[in-house]
>>> print(open('start.txt').read())   # compact mmCIF, C-alpha atoms (C1' of nucleotides)
# COMPACT_ATOMS: atom_id res chain seq x y z
CA MET A 72 130.66 104.25 24.13
CA LYS A 73 127.05 103.34 23.60
CA ASP A 74 125.73 99.88 22.95
CA GLY A 75 125.09 100.47 19.28
CA SER A 76 121.45 99.37 19.46
CA ASN A 77 120.22 102.64 18.07
CA THR A 78 122.92 102.91 15.46
CA LEU A 79 120.41 102.17 12.73
CA VAL A 80 118.09 104.88 13.96
CA LEU A 81 120.97 107.32 13.73
CA LEU A 82 121.74 106.07 10.28
CA GLU A 83 118.20 106.58 9.12
CA ARG A 84 117.99 110.03 10.62
CA LEU A 85 121.27 111.17 9.13
CA GLY A 86 120.25 109.68 5.81
CA ARG A 87 117.04 111.66 5.94
CA LEU A 88 118.86 114.90 6.66
CA LEU A 89 121.14 114.30 3.72
CA HIS A 90 118.19 113.46 1.54
CA ASN A 91 116.07 116.42 2.57
CA ASP A 92 118.93 118.86 2.16
CA ALA A 93 119.13 117.90 -1.48
CA HIS A 94 116.19 119.98 -2.66
CA ARG A 95 118.37 122.43 -4.56
CA GLU A 96 118.90 123.91 -7.97
CA ASP A 97 115.48 122.72 -9.03
CA LEU A 98 116.46 119.07 -8.58
CA LYS A 99 115.01 116.43 -6.29
CA PRO A 100 117.19 114.33 -4.00
CA THR A 101 116.78 111.23 -6.14
CA GLN A 102 117.74 113.17 -9.24
CA TRP A 103 120.94 114.32 -7.53
CA GLU A 104 121.75 110.76 -6.64
CA ALA A 105 121.26 109.55 -10.18
CA LEU A 106 123.36 112.39 -11.54
CA ARG A 107 126.09 111.66 -9.04
CA LEU A 108 126.13 108.00 -9.92
CA LEU A 109 126.41 108.74 -13.62
CA SER A 110 129.45 110.87 -12.95
CA ARG A 111 131.18 108.04 -11.13
CA ALA A 112 130.13 105.05 -13.23
CA ASN A 113 132.17 103.44 -15.98
CA ARG A 114 130.77 102.88 -19.43
CA PHE A 115 129.17 99.54 -18.56
CA SER A 116 127.26 101.18 -15.76
CA ARG A 117 125.74 104.26 -17.28
CA SER A 118 122.40 102.72 -18.17
CA PRO A 119 118.90 102.85 -16.68
CA GLY A 120 119.39 99.29 -15.48
CA ALA A 121 122.56 100.13 -13.60
CA VAL A 122 120.93 103.15 -11.99
CA THR A 123 118.07 100.88 -10.98
CA ALA A 124 120.45 98.42 -9.35
CA TYR A 125 122.34 101.16 -7.58
CA LEU A 126 119.39 103.08 -6.19
CA GLY A 127 117.43 99.94 -5.35
CA MET A 128 114.22 101.23 -6.91
CA THR A 129 111.99 99.70 -9.56
CA LYS A 130 112.85 100.35 -13.18
CA GLY A 131 109.62 102.22 -13.76
CA THR A 132 110.56 104.83 -11.20
CA VAL A 133 114.07 105.14 -12.55
CA SER A 134 112.67 105.63 -16.02
CA GLN A 135 110.74 108.65 -14.79
CA THR A 136 113.66 110.11 -12.88
CA LEU A 137 115.88 109.84 -15.94
CA ALA A 138 113.15 111.35 -18.10
CA ALA A 139 113.08 114.33 -15.74
CA LEU A 140 116.86 114.72 -15.93
CA GLU A 141 116.73 114.57 -19.70
CA ARG A 142 113.94 117.16 -19.81
CA LYS A 143 116.15 119.45 -17.78
CA GLY A 144 118.99 118.95 -20.25
CA LEU A 145 121.37 117.39 -17.74
CA ILE A 146 121.78 114.01 -19.39
CA LYS A 147 121.19 112.55 -22.80
CA LYS A 148 120.22 109.07 -23.88
CA VAL A 149 122.20 107.40 -26.63
CA ARG A 150 121.17 104.19 -28.37
CA VAL A 151 123.82 101.50 -28.21
CA PRO A 152 124.26 99.80 -31.62
CA THR A 153 125.56 96.48 -30.27
CA ASP A 154 122.45 95.82 -28.20
CA ARG A 155 119.56 97.99 -29.21
CA ARG A 156 117.66 97.42 -25.98
CA ASN A 157 120.38 99.25 -24.09
CA LEU A 158 120.60 102.96 -23.52
CA ALA A 159 123.82 104.75 -22.72
CA LEU A 160 123.34 107.74 -20.44
CA GLU A 161 125.79 110.61 -20.78
CA LEU A 162 126.07 113.74 -18.69
CA THR A 163 125.78 116.90 -20.74
CA GLY A 164 127.95 119.92 -20.13
CA GLU A 165 125.17 121.42 -18.04
CA GLY A 166 125.00 118.21 -16.04
CA LYS A 167 128.69 118.32 -15.26
CA THR A 168 128.53 121.98 -14.36
CA LEU A 169 125.56 121.48 -12.07
CA LEU A 170 127.35 118.71 -10.22
CA ARG A 171 129.74 121.30 -8.88
CA LYS A 172 126.83 122.52 -6.77
CA ASP A 173 126.18 119.08 -5.30
CA PRO A 174 124.40 119.61 -1.96
CA LEU A 175 126.36 116.75 -0.48
CA ALA A 176 129.34 119.09 -0.40
CA ASP A 177 127.67 120.97 2.44
CA LEU A 178 127.76 118.05 4.79
CA GLU A 179 131.28 117.42 3.66
CA ALA A 180 132.16 120.75 5.18
CA ALA A 181 130.57 119.60 8.43
CA ALA A 182 132.46 116.35 8.21
CA ARG A 183 135.74 118.17 7.87
CA ARG A 184 135.33 119.46 11.39
CA LEU A 185 135.67 115.94 12.69
CA PRO A 186 139.04 114.23 13.00
CA LYS A 187 140.15 112.73 9.69
CA ARG A 188 140.90 109.39 11.22
CA GLN A 189 137.42 109.21 12.64
CA MET A 190 135.79 109.86 9.29
CA ALA A 191 137.92 107.20 7.67
CA HIS A 192 136.92 104.78 10.40
CA LEU A 193 133.29 105.69 9.90
CA GLY A 194 133.64 105.01 6.19
CA ASP A 195 135.11 101.58 6.79
CA ASN A 196 132.39 100.60 9.22
CA LEU A 197 129.67 101.88 6.93
CA GLN A 198 131.18 99.91 4.09
CA ASP A 199 130.99 96.71 6.12
CA LEU A 200 127.41 97.36 7.08
CA LEU A 201 126.49 98.19 3.49
CA THR A 202 128.11 95.00 2.26
CA GLU A 203 126.14 92.99 4.76
CA ALA A 204 122.89 94.77 3.90
CA LEU A 205 123.47 94.30 0.19
CA ARG A 206 124.15 90.62 0.62
CA ARG A 207 120.70 90.22 2.13
CA ARG A 208 118.92 91.82 -0.75
CA ASP A 209 121.13 90.51 -3.57
CA GLY A 210 122.32 94.03 -4.14
CA ARG A 211 125.39 94.92 -6.09
CA PRO A 212 128.29 96.64 -4.33
CA PHE A 213 129.24 98.97 -7.22
CA GLY A 214 132.89 98.98 -6.30
CA ALA A 215 135.71 100.36 -8.40
CA CYS A 216 136.69 98.27 -11.39
CA LYS A 217 140.28 97.91 -10.31
CA THR A 218 139.24 96.14 -7.11
CA CYS A 219 137.18 93.59 -9.06
CA ARG A 220 138.05 89.93 -9.40
CA TYR A 221 137.57 90.17 -13.17
CA PHE A 222 139.94 93.08 -13.55
CA GLN A 223 143.02 92.27 -15.64
CA PRO A 224 145.61 95.04 -15.33
CA ASN A 225 147.43 95.64 -18.56
CA VAL A 226 149.04 92.31 -19.09
CA ASP A 227 150.82 93.06 -22.33
CA GLY A 228 152.74 96.16 -21.33
CA GLY A 229 151.34 99.26 -22.98
CA ARG A 230 147.98 97.71 -23.92
CA PRO A 231 144.78 98.79 -22.13
CA HIS A 232 143.48 96.84 -19.14
CA ARG A 233 140.71 94.33 -19.66
CA CYS A 234 137.47 93.22 -18.01
CA GLY A 235 137.60 89.44 -17.82
CA LEU A 236 133.85 89.18 -17.37
CA LEU A 237 132.66 91.28 -20.29
CA GLU A 238 135.77 90.57 -22.38
CA GLU A 239 136.21 94.24 -23.09
CA PRO A 240 139.19 96.57 -23.06
CA LEU A 241 139.28 99.09 -20.22
CA SER A 242 140.85 102.51 -20.25
CA THR A 243 142.69 103.52 -17.13
CA GLN A 244 139.95 106.04 -16.45
CA ASP A 245 137.18 103.45 -16.76
CA SER A 246 139.05 101.14 -14.42
CA GLN A 247 138.97 103.81 -11.72
CA LEU A 248 135.23 104.30 -11.95
CA ILE A 249 132.58 102.16 -10.30
CA CYS A 250 130.86 99.30 -12.07
CA VAL A 251 127.57 97.39 -11.88
CA GLU A 252 129.31 94.12 -12.52
CA GLN A 253 132.00 94.54 -9.90
CA GLU A 254 132.64 91.62 -7.58
CA PRO A 255 135.22 92.27 -4.89
CA LEU A 256 138.48 90.36 -4.83
CA GLY A 257 138.82 87.41 -2.52
CA MET B 802 141.63 102.02 5.62
CA LYS B 803 140.21 104.33 2.98
CA ASP B 804 140.52 108.09 3.00
CA GLY B 805 136.94 108.70 4.04
CA SER B 806 136.22 111.04 1.15
CA ASN B 807 133.32 108.93 -0.04
CA THR B 808 131.95 108.30 3.42
CA LEU B 809 129.02 110.56 2.76
CA VAL B 810 128.18 108.74 -0.45
CA LEU B 811 128.09 105.50 1.53
CA LEU B 812 125.92 107.17 4.09
CA GLU B 813 123.47 108.36 1.51
CA ARG B 814 123.31 104.99 -0.19
CA LEU B 815 122.79 103.08 3.03
CA GLY B 816 120.19 105.59 4.07
CA ARG B 817 118.38 105.04 0.81
CA LEU B 818 118.42 101.28 1.24
CA LEU B 819 116.96 101.64 4.69
CA HIS B 820 114.37 104.07 3.42
CA ASN B 821 113.34 102.00 0.41
CA ASP B 822 113.08 98.82 2.43
CA ALA B 823 110.44 100.46 4.56
CA HIS B 824 107.58 100.04 2.11
CA ARG B 825 105.82 97.47 4.24
CA GLU B 826 102.52 96.77 5.90
CA ASP B 827 100.86 99.41 3.79
CA LEU B 828 102.98 102.16 5.31
CA LYS B 829 105.42 104.52 3.65
CA PRO B 830 108.97 105.01 4.94
CA THR B 831 108.18 108.42 6.34
CA GLN B 832 105.15 107.07 8.13
CA TRP B 833 107.30 104.41 9.77
CA GLU B 834 109.73 107.05 10.91
CA ALA B 835 107.01 109.17 12.44
CA LEU B 836 105.52 106.14 14.17
CA ARG B 837 108.90 105.13 15.50
CA LEU B 838 109.57 108.60 16.84
CA LEU B 839 106.24 108.72 18.63
CA SER B 840 107.09 105.47 20.38
CA ARG B 841 110.34 106.88 21.68
CA ALA B 842 109.34 110.45 22.49
CA ASN B 843 108.37 111.73 25.92
CA ARG B 844 105.15 113.59 26.51
CA PHE B 845 106.58 116.99 25.55
CA SER B 846 107.63 115.61 22.21
CA ARG B 847 104.60 113.81 20.89
CA SER B 848 103.25 116.69 18.84
CA PRO B 849 103.20 117.58 15.15
CA GLY B 850 105.76 120.28 15.88
CA ALA B 851 108.18 117.85 17.46
CA VAL B 852 107.81 115.42 14.58
CA THR B 853 108.51 118.31 12.23
CA ALA B 854 111.68 119.19 14.09
CA TYR B 855 112.82 115.60 14.19
CA LEU B 856 112.20 114.70 10.58
CA GLY B 857 113.43 118.04 9.28
CA MET B 858 110.44 118.53 6.99
CA THR B 859 107.98 121.38 6.70
CA LYS B 860 104.98 121.36 8.96
CA GLY B 861 102.61 121.07 6.03
CA THR B 862 104.11 117.76 5.00
CA VAL B 863 104.10 116.45 8.54
CA SER B 864 100.48 117.41 8.87
CA GLN B 865 99.64 115.16 5.92
CA THR B 866 101.77 112.28 7.13
CA LEU B 867 100.05 112.38 10.50
CA ALA B 868 96.67 112.61 8.84
CA ALA B 869 97.50 109.41 6.93
CA LEU B 870 98.55 107.64 10.13
CA GLU B 871 95.36 108.72 11.82
CA ARG B 872 93.26 107.52 8.88
CA LYS B 873 94.91 104.14 9.25
CA GLY B 874 94.02 104.08 12.92
CA LEU B 875 97.61 103.96 14.16
CA ILE B 876 97.65 107.20 16.11
CA LYS B 877 95.12 109.52 17.57
CA LYS B 878 95.15 113.24 18.10
CA VAL B 879 94.16 114.61 21.47
CA ARG B 880 93.55 118.26 22.21
CA VAL B 881 95.62 119.58 25.07
CA PRO B 882 93.49 121.69 27.46
CA THR B 883 96.35 123.82 28.78
CA ASP B 884 97.25 125.12 25.33
CA ARG B 885 94.54 124.57 22.80
CA ARG B 886 96.84 125.10 19.84
CA ASN B 887 98.76 121.99 20.81
CA LEU B 888 97.94 118.45 19.78
CA ALA B 889 99.11 115.42 21.68
CA LEU B 890 99.72 112.41 19.48
CA GLU B 891 99.20 108.97 20.99
CA LEU B 892 99.89 105.58 19.49
CA THR B 893 96.82 103.38 19.42
CA GLY B 894 96.96 99.70 20.25
CA GLU B 895 97.17 98.94 16.53
CA GLY B 896 100.03 101.39 16.24
CA LYS B 897 101.98 99.68 18.99
CA THR B 898 101.29 96.26 17.53
CA LEU B 899 102.37 97.31 14.08
CA LEU B 900 105.65 98.65 15.41
CA ARG B 901 106.65 95.10 16.18
CA LYS B 902 106.92 94.64 12.43
CA ASP B 903 109.27 97.60 12.02
CA PRO B 904 111.26 97.01 8.82
CA LEU B 905 114.31 98.44 10.50
CA ALA B 906 114.55 95.19 12.41
CA ASP B 907 115.66 93.48 9.22
CA LEU B 908 118.80 95.49 8.92
CA GLU B 909 119.34 94.97 12.59
CA ALA B 910 119.69 91.30 11.82
CA ALA B 911 122.32 92.16 9.24
CA ALA B 912 124.07 94.39 11.73
CA ARG B 913 124.26 91.58 14.24
CA ARG B 914 126.58 89.75 11.91
CA LEU B 915 129.17 92.45 12.44
CA PRO B 916 131.32 92.61 15.56
CA LYS B 917 129.48 94.30 18.39
CA ARG B 918 132.35 96.62 19.13
CA GLN B 919 132.37 97.77 15.55
CA MET B 920 128.66 98.62 15.57
CA ALA B 921 129.10 100.56 18.79
CA HIS B 922 131.97 102.47 17.24
CA LEU B 923 129.89 103.17 14.18
CA GLY B 924 127.13 104.52 16.37
CA ASP B 925 129.48 106.86 18.17
CA ASN B 926 130.94 108.20 14.96
CA LEU B 927 127.52 108.66 13.41
CA GLN B 928 126.41 110.52 16.50
CA ASP B 929 129.30 112.95 16.16
CA LEU B 930 128.57 113.53 12.51
CA LEU B 931 124.88 113.99 13.21
CA THR B 932 125.63 116.51 15.94
CA GLU B 933 127.83 118.46 13.56
CA ALA B 934 125.23 118.33 10.79
CA LEU B 935 122.47 119.41 13.15
CA ARG B 936 124.50 122.32 14.40
CA ARG B 937 124.70 123.66 10.85
CA ARG B 938 120.96 123.62 10.33
CA ASP B 939 119.89 124.59 13.82
CA GLY B 940 118.49 121.14 14.28
CA ARG B 941 117.59 119.61 17.57
CA PRO B 942 119.47 116.55 18.79
CA PHE B 943 116.46 114.80 20.38
CA GLY B 944 118.56 113.13 23.03
CA ALA B 945 117.27 111.35 26.09
CA CYS B 946 115.88 113.51 28.85
CA LYS B 947 118.23 112.20 31.47
CA THR B 948 121.26 113.43 29.48
CA CYS B 949 119.83 116.95 29.30
CA ARG B 950 121.25 119.96 31.03
CA TYR B 951 117.80 120.82 32.36
CA PHE B 952 117.21 117.41 33.86
CA GLN B 953 116.86 117.44 37.63
CA PRO B 954 117.00 113.90 39.02
CA ASN B 955 114.70 113.42 41.95
CA VAL B 956 116.09 115.94 44.34
CA ASP B 957 113.71 115.32 47.23
CA GLY B 958 114.12 111.60 47.60
CA GLY B 959 111.04 109.75 46.43
CA ARG B 960 109.58 112.64 44.42
CA PRO B 961 109.50 112.48 40.61
CA HIS B 962 112.31 114.01 38.59
CA ARG B 963 111.83 117.43 37.09
CA CYS B 964 112.48 119.29 33.87
CA GLY B 965 114.14 122.56 34.77
CA LEU B 966 113.26 124.14 31.45
CA LEU B 967 109.53 123.42 31.32
CA GLU B 968 109.17 123.35 35.10
CA GLU B 969 107.31 120.08 34.93
CA PRO B 970 107.53 116.82 36.87
CA LEU B 971 109.01 113.88 34.98
CA SER B 972 108.24 110.23 35.50
CA THR B 973 111.18 107.87 35.37
CA GLN B 974 109.80 106.53 32.11
CA ASP B 975 109.52 109.97 30.55
CA SER B 976 113.06 110.75 31.56
CA GLN B 977 114.32 107.79 29.58
CA LEU B 978 112.56 108.85 26.39
CA ILE B 979 113.82 111.39 23.90
CA CYS B 980 112.80 115.03 23.96
CA VAL B 981 112.50 117.94 21.54
CA GLU B 982 113.83 120.31 24.12
CA GLN B 983 116.86 118.30 25.07
CA GLU B 984 120.18 120.11 25.21
CA PRO B 985 123.14 117.91 25.97
CA LEU B 986 125.09 118.43 29.14
CA GLY B 987 127.93 120.89 28.68
C1' DG C 618 91.49 145.59 28.01
C1' DC C 619 92.98 146.01 23.20
C1' DC C 620 95.97 145.27 19.49
C1' DT C 621 99.84 143.22 17.33
C1' DT C 622 102.89 139.45 16.95
C1' DT C 623 104.08 134.84 17.47
C1' DT C 624 103.09 130.00 17.58
C1' DA C 625 100.64 125.53 16.24
C1' DG C 626 98.53 123.40 13.01
C1' DT C 627 95.65 122.80 8.45
C1' DA C 628 94.43 123.27 3.29
C1' DT C 629 95.77 123.32 -1.34
C1' DC C 630 98.86 123.24 -5.42
C1' DG C 631 102.30 121.21 -8.48
C1' DA C 632 106.26 118.36 -9.43
C1' DG C 633 108.24 114.29 -8.18
C1' DT C 634 108.62 109.50 -5.89
C1' DC C 635 107.50 104.92 -5.74
C1' DG C 636 105.44 100.18 -6.23
C1' DA C 637 102.43 97.73 -9.22
C1' DT C 638 100.91 96.44 -13.44
C1' DA C 639 100.75 96.23 -18.15
C1' DC C 640 103.17 96.92 -22.23
C1' DA C 641 106.64 97.24 -26.25
C1' DT C 642 111.03 95.63 -28.34
C1' DA C 643 115.06 93.20 -28.94
C1' DA C 644 118.16 89.51 -27.94
C1' DA C 645 118.93 84.81 -26.56
C1' DA C 646 117.64 80.11 -26.00
C1' DA C 647 115.03 76.08 -26.93
C1' DT D 366 110.97 79.33 -35.46
C1' DT D 367 108.87 79.74 -31.50
C1' DT D 368 109.29 80.64 -26.65
C1' DT D 369 111.75 82.99 -22.98
C1' DT D 370 114.37 86.49 -21.01
C1' DA D 371 116.16 91.22 -20.81
C1' DT D 372 115.75 96.25 -21.18
C1' DG D 373 113.15 99.96 -21.01
C1' DT D 374 108.47 102.80 -21.21
C1' DA D 375 103.46 104.18 -19.94
C1' DT D 376 99.97 104.72 -16.63
C1' DC D 377 97.68 104.61 -12.09
C1' DG D 378 97.10 105.79 -7.21
C1' DA D 379 98.88 106.96 -2.76
C1' DC D 380 102.22 109.59 -0.82
C1' DT D 381 106.19 113.15 -0.28
C1' DC D 382 107.69 117.63 -0.16
C1' DG D 383 108.35 122.75 -0.55
C1' DA D 384 105.68 126.81 -1.09
C1' DT D 385 102.01 129.56 -0.02
C1' DA D 386 97.99 130.97 2.08
C1' DC D 387 95.07 130.25 5.79
C1' DT D 388 92.69 129.60 10.86
C1' DA D 389 92.88 129.82 15.65
C1' DA D 390 94.91 130.41 20.04
C1' DA D 391 98.39 132.30 23.12
C1' DA D 392 101.63 135.97 24.46
C1' DG D 393 103.37 140.53 24.71
C1' DG D 394 103.15 145.57 24.46
C1' DC D 395 100.79 149.46 25.72
>>> encode(input="start.txt", output="structure tokens")
Amino acid sequence: MKDGSNTLVLLERLGRLLHNDAHREDLKPTQWEALRLLSRANRFSRSPGAVTAYLGMTKGTVSQTLAALERKGLIKKVRVPTDRRNLALELTGEGKTLLRKDPLADLEAAARRLPKRQMAHLGDNLQDLLTEALRRRDGRPFGACKTCRYFQPNVDGGRPHRCGLLEEPLSTQDSQLICVEQEPLG
Amino acid sequence: MKDGSNTLVLLERLGRLLHNDAHREDLKPTQWEALRLLSRANRFSRSPGAVTAYLGMTKGTVSQTLAALERKGLIKKVRVPTDRRNLALELTGEGKTLLRKDPLADLEAAARRLPKRQMAHLGDNLQDLLTEALRRRDGRPFGACKTCRYFQPNVDGGRPHRCGLLEEPLSTQDSQLICVEQEPLG
DNA sequence: GCCTTTTAGTATCGAGTCGATACATAAAAA
DNA sequence: TTTTTATGTATCGACTCGATACTAAAAGGC
């Protein structure tokens, strides 16, 4: 076992490989990441602002990336009536179809050659490091809704779940997706 | 412990954070990476070609990145007399000084808040994943010389070590640096 | 030696990234 | 009703990156 001093160098290098491998299907790596996020985000988190928070870029850049995705017909922007500053981003059919060719799947194949336990371990350790790194930059964890301190599982029997922060009902599906507002339990 | 299915997503996100945090001191993330590699590479590996292999980009892009670093006075290009196609890249004094402000050090501070054993584990697991990923793209590991199958530790007593592949003498310092040609011990 | 092939690196193009800055609206707060 | 804050866009300049075409030097075949 090594001393872990060059762990971050490894991380950066592996991150770069992942990133550079994502020049596919006429999309750029960042565009893939945005698309991927939109497919995993609940309805409070499919906005330019949420993408900005997730990717850690400036909103100007995100605006351009989303404009490119819209030009390519992979997402569409919908005005939200309740707050007209907000935009809701929705994947189109093409967007969903294209996601099946996600270049990340390639490395997944490589990962499958490693012991399952090891990959799970790796995930846990990465999660801890990410949490620590996000704390330092006031970043948001983007965890699943159902692991959030504001999550209220369906209290009244058959009724939908609720988000205690936004005071909104939550479908079971939404509660399994990730959220900008999520704050971990405990 | 999670199932590890989203480990790669974590990896990509953490990689992006690292990358985006590296807009400092009037350098771009990629320029930092190149600079960092040059400070860790032995004399066979301080060339545009080696940087290309390490970063996994095309040589055209690397050529520009190196041109930018040279413009900024951080590296210099030296013609190699033995093979006049080759360029040797050397860090200047400014380059070495600037490296002390490496933005990667920030995350290192974050990492220090995690248990040391855990970081070491993380490093080992990342290394395995990187090895697997590199295998798939015919990438080079860039390991340390002294862990290479061609490394011949000073056979004749006080003489320098040797590289059995390039048939060249190796100073102790060079043997501790990383190398394009490195192939791990079987 | 001559000719072809390979290797190392550069030049240029076009789309995209990214921070910075300035800007437009809309909602919220004073 | 004014500020003030929040959400998103437009534009600029330096850089990234793949693709392609290019130069020059070494290596190999004969």
>>> interface_residues(input="start.txt", of="chain A", to="chain C", cutoff="10 Å", atoms="all atoms listed in the file", output="list in words")
Leu98, Lys99, Pro100, Thr101, Gln102, Met128, Thr129, Gly131, Thr132, Val133, Gln135, Thr136, Ala139, Asp154, Arg155, Arg156 and Asn157 of chain A
>>> atom_distance(input="start.txt", atom1="atom CA of Leu178 of chain A", atom2="atom CA of Tyr855 of chain B")
17.8 Å
>>> interface_residues(input="start.txt", of="chain A", to="chain B", cutoff="7 Å", atoms="all atoms listed in the file", output="compact mmCIF listing (two decimals) with C-alpha atoms, in the coordinates of the input")
# COMPACT_ATOMS: atom_id res chain seq x y z
CA MET A 72 130.66 104.25 24.13
CA LYS A 73 127.05 103.34 23.60
CA ASP A 74 125.73 99.88 22.95
CA GLY A 75 125.09 100.47 19.28
CA THR A 78 122.92 102.91 15.46
CA LEU A 81 120.97 107.32 13.73
CA LEU A 82 121.74 106.07 10.28
CA GLU A 83 118.20 106.58 9.12
CA LEU A 85 121.27 111.17 9.13
CA GLY A 86 120.25 109.68 5.81
CA LEU A 88 118.86 114.90 6.66
CA LEU A 89 121.14 114.30 3.72
CA GLY A 127 117.43 99.94 -5.35
CA LEU A 178 127.76 118.05 4.79
CA ALA A 181 130.57 119.60 8.43
CA ALA A 182 132.46 116.35 8.21
CA GLN A 189 137.42 109.21 12.64
CA MET A 190 135.79 109.86 9.29
CA ALA A 191 137.92 107.20 7.67
CA LEU A 193 133.29 105.69 9.90
CA GLY A 194 133.64 105.01 6.19
CA ASP A 195 135.11 101.58 6.79
CA ASN A 196 132.39 100.60 9.22
CA LEU A 197 129.67 101.88 6.93
CA GLN A 198 131.18 99.91 4.09
CA LEU A 200 127.41 97.36 7.08
CA LEU A 201 126.49 98.19 3.49
CA GLU A 203 126.14 92.99 4.76
CA ALA A 204 122.89 94.77 3.90
>>> closest_atom_pairs(input="start.txt", of="segment 157-221 of chain A", to="segment 230-247 of chain A", cutoff="10 Å", atoms="only C-alpha atoms", output="CSV")
residue,atom,partner,partner_atom,distance
A:Gly214,CA,A:Gln247,CA,9.5
A:Ala215,CA,A:Gln247,CA,5.8
A:Cys216,CA,A:Ser246,CA,4.8
A:Lys217,CA,A:Ser246,CA,5.4
A:Thr218,CA,A:Ser246,CA,8.9
A:Cys219,CA,A:Cys234,CA,9.0
A:Arg220,CA,A:Gly235,CA,8.4
A:Tyr221,CA,A:Gly235,CA,4.7
>>> closest_residue(input="start.txt", among="A:Arg114, A:Lys172, A:Lys148, A:Arg142", to="chain D", atoms="all atoms listed in the file")
A:Lys148
>>> axis_aligned_box(input="start.txt", around="segment 637-644 of chain C", padding_each_side="5 Å", output="JSON")
{"center_x": 109.5, "center_y": 93.6, "center_z": -19.1, "size_x": 27.4, "size_y": 18.2, "size_z": 29.7}
>>> interface_residues(input="start.txt", of="chain D", to="chain B", cutoff="12 Å", atoms="all atoms listed in the file", output="count of residues only")
14
>>> atom_distance(input="start.txt", atom1="atom CA of Glu891 of chain B", atom2="atom CA of Lys873 of chain B")
13.4 Å
>>> atom_distance(input="start.txt", atom1="atom C1' of DG373 of chain D", atom2="atom CA of Ala121 of chain A")
12.0 Å
>>> residues_around(input="start.txt", residues="segment 898-900 of chain B", least_positions_apart="4", cutoff="9 Å", atoms="all atoms listed in the file", output="VMD selection string")
chain B and resid 826 833 836 to 837 840 875 893 to 894 904
>>> build_atoms(input="start.txt", residues="segment 868-872 of chain B", atoms="all heavy atoms", output="PDB file, keeping the file's coordinate frame")
ATOM      1  N   ALA B 868      98.056 112.859   9.233  1.00  0.00           N
ATOM      2  CA  ALA B 868      96.670 112.610   8.840  1.00  0.00           C
ATOM      3  C   ALA B 868      96.530 111.192   8.283  1.00  0.00           C
ATOM      4  O   ALA B 868      95.556 110.489   8.572  1.00  0.00           O
ATOM      5  CB  ALA B 868      96.233 113.642   7.800  1.00  0.00           C
ATOM      6  N   ALA B 869      97.536 110.766   7.501  1.00  0.00           N
ATOM      7  CA  ALA B 869      97.500 109.410   6.930  1.00  0.00           C
ATOM      8  C   ALA B 869      97.558 108.369   8.046  1.00  0.00           C
ATOM      9  O   ALA B 869      96.814 107.386   8.027  1.00  0.00           O
ATOM     10  CB  ALA B 869      98.669 109.220   5.958  1.00  0.00           C
ATOM     11  N   LEU B 870      98.429 108.596   9.027  1.00  0.00           N
ATOM     12  CA  LEU B 870      98.550 107.640  10.130  1.00  0.00           C
ATOM     13  C   LEU B 870      97.249 107.575  10.938  1.00  0.00           C
ATOM     14  O   LEU B 870      96.855 106.508  11.412  1.00  0.00           O
ATOM     15  CB  LEU B 870      99.714 108.023  11.046  1.00  0.00           C
ATOM     16  CG  LEU B 870     101.122 107.791  10.488  1.00  0.00           C
ATOM     17  CD1 LEU B 870     102.180 108.314  11.457  1.00  0.00           C
ATOM     18  CD2 LEU B 870     101.349 106.313  10.206  1.00  0.00           C
ATOM     19  N   GLU B 871      96.610 108.717  11.072  1.00  0.00           N
ATOM     20  CA  GLU B 871      95.360 108.720  11.820  1.00  0.00           C
ATOM     21  C   GLU B 871      94.263 107.984  11.040  1.00  0.00           C
ATOM     22  O   GLU B 871      93.505 107.198  11.612  1.00  0.00           O
ATOM     23  CB  GLU B 871      94.925 110.164  12.104  1.00  0.00           C
ATOM     24  CG  GLU B 871      93.805 110.242  13.129  1.00  0.00           C
ATOM     25  CD  GLU B 871      93.352 111.678  13.388  1.00  0.00           C
ATOM     26  OE1 GLU B 871      93.486 112.523  12.484  1.00  0.00           O
ATOM     27  OE2 GLU B 871      92.874 111.944  14.509  1.00  0.00           O
ATOM     28  N   ARG B 872      94.225 108.232   9.724  1.00  0.00           N
ATOM     29  CA  ARG B 872      93.260 107.520   8.880  1.00  0.00           C
ATOM     30  C   ARG B 872      93.407 106.013   9.018  1.00  0.00           C
ATOM     31  O   ARG B 872      92.429 105.274   8.992  1.00  0.00           O
ATOM     32  CB  ARG B 872      93.491 107.900   7.407  1.00  0.00           C
ATOM     33  CG  ARG B 872      92.544 108.910   6.833  1.00  0.00           C
ATOM     34  CD  ARG B 872      92.520 108.898   5.309  1.00  0.00           C
ATOM     35  NE  ARG B 872      93.814 108.739   4.662  1.00  0.00           N
ATOM     36  CZ  ARG B 872      94.682 109.721   4.445  1.00  0.00           C
ATOM     37  NH1 ARG B 872      94.421 110.948   4.857  1.00  0.00           N
ATOM     38  NH2 ARG B 872      95.810 109.481   3.808  1.00  0.00           N
TER      39      ARG B 872
END
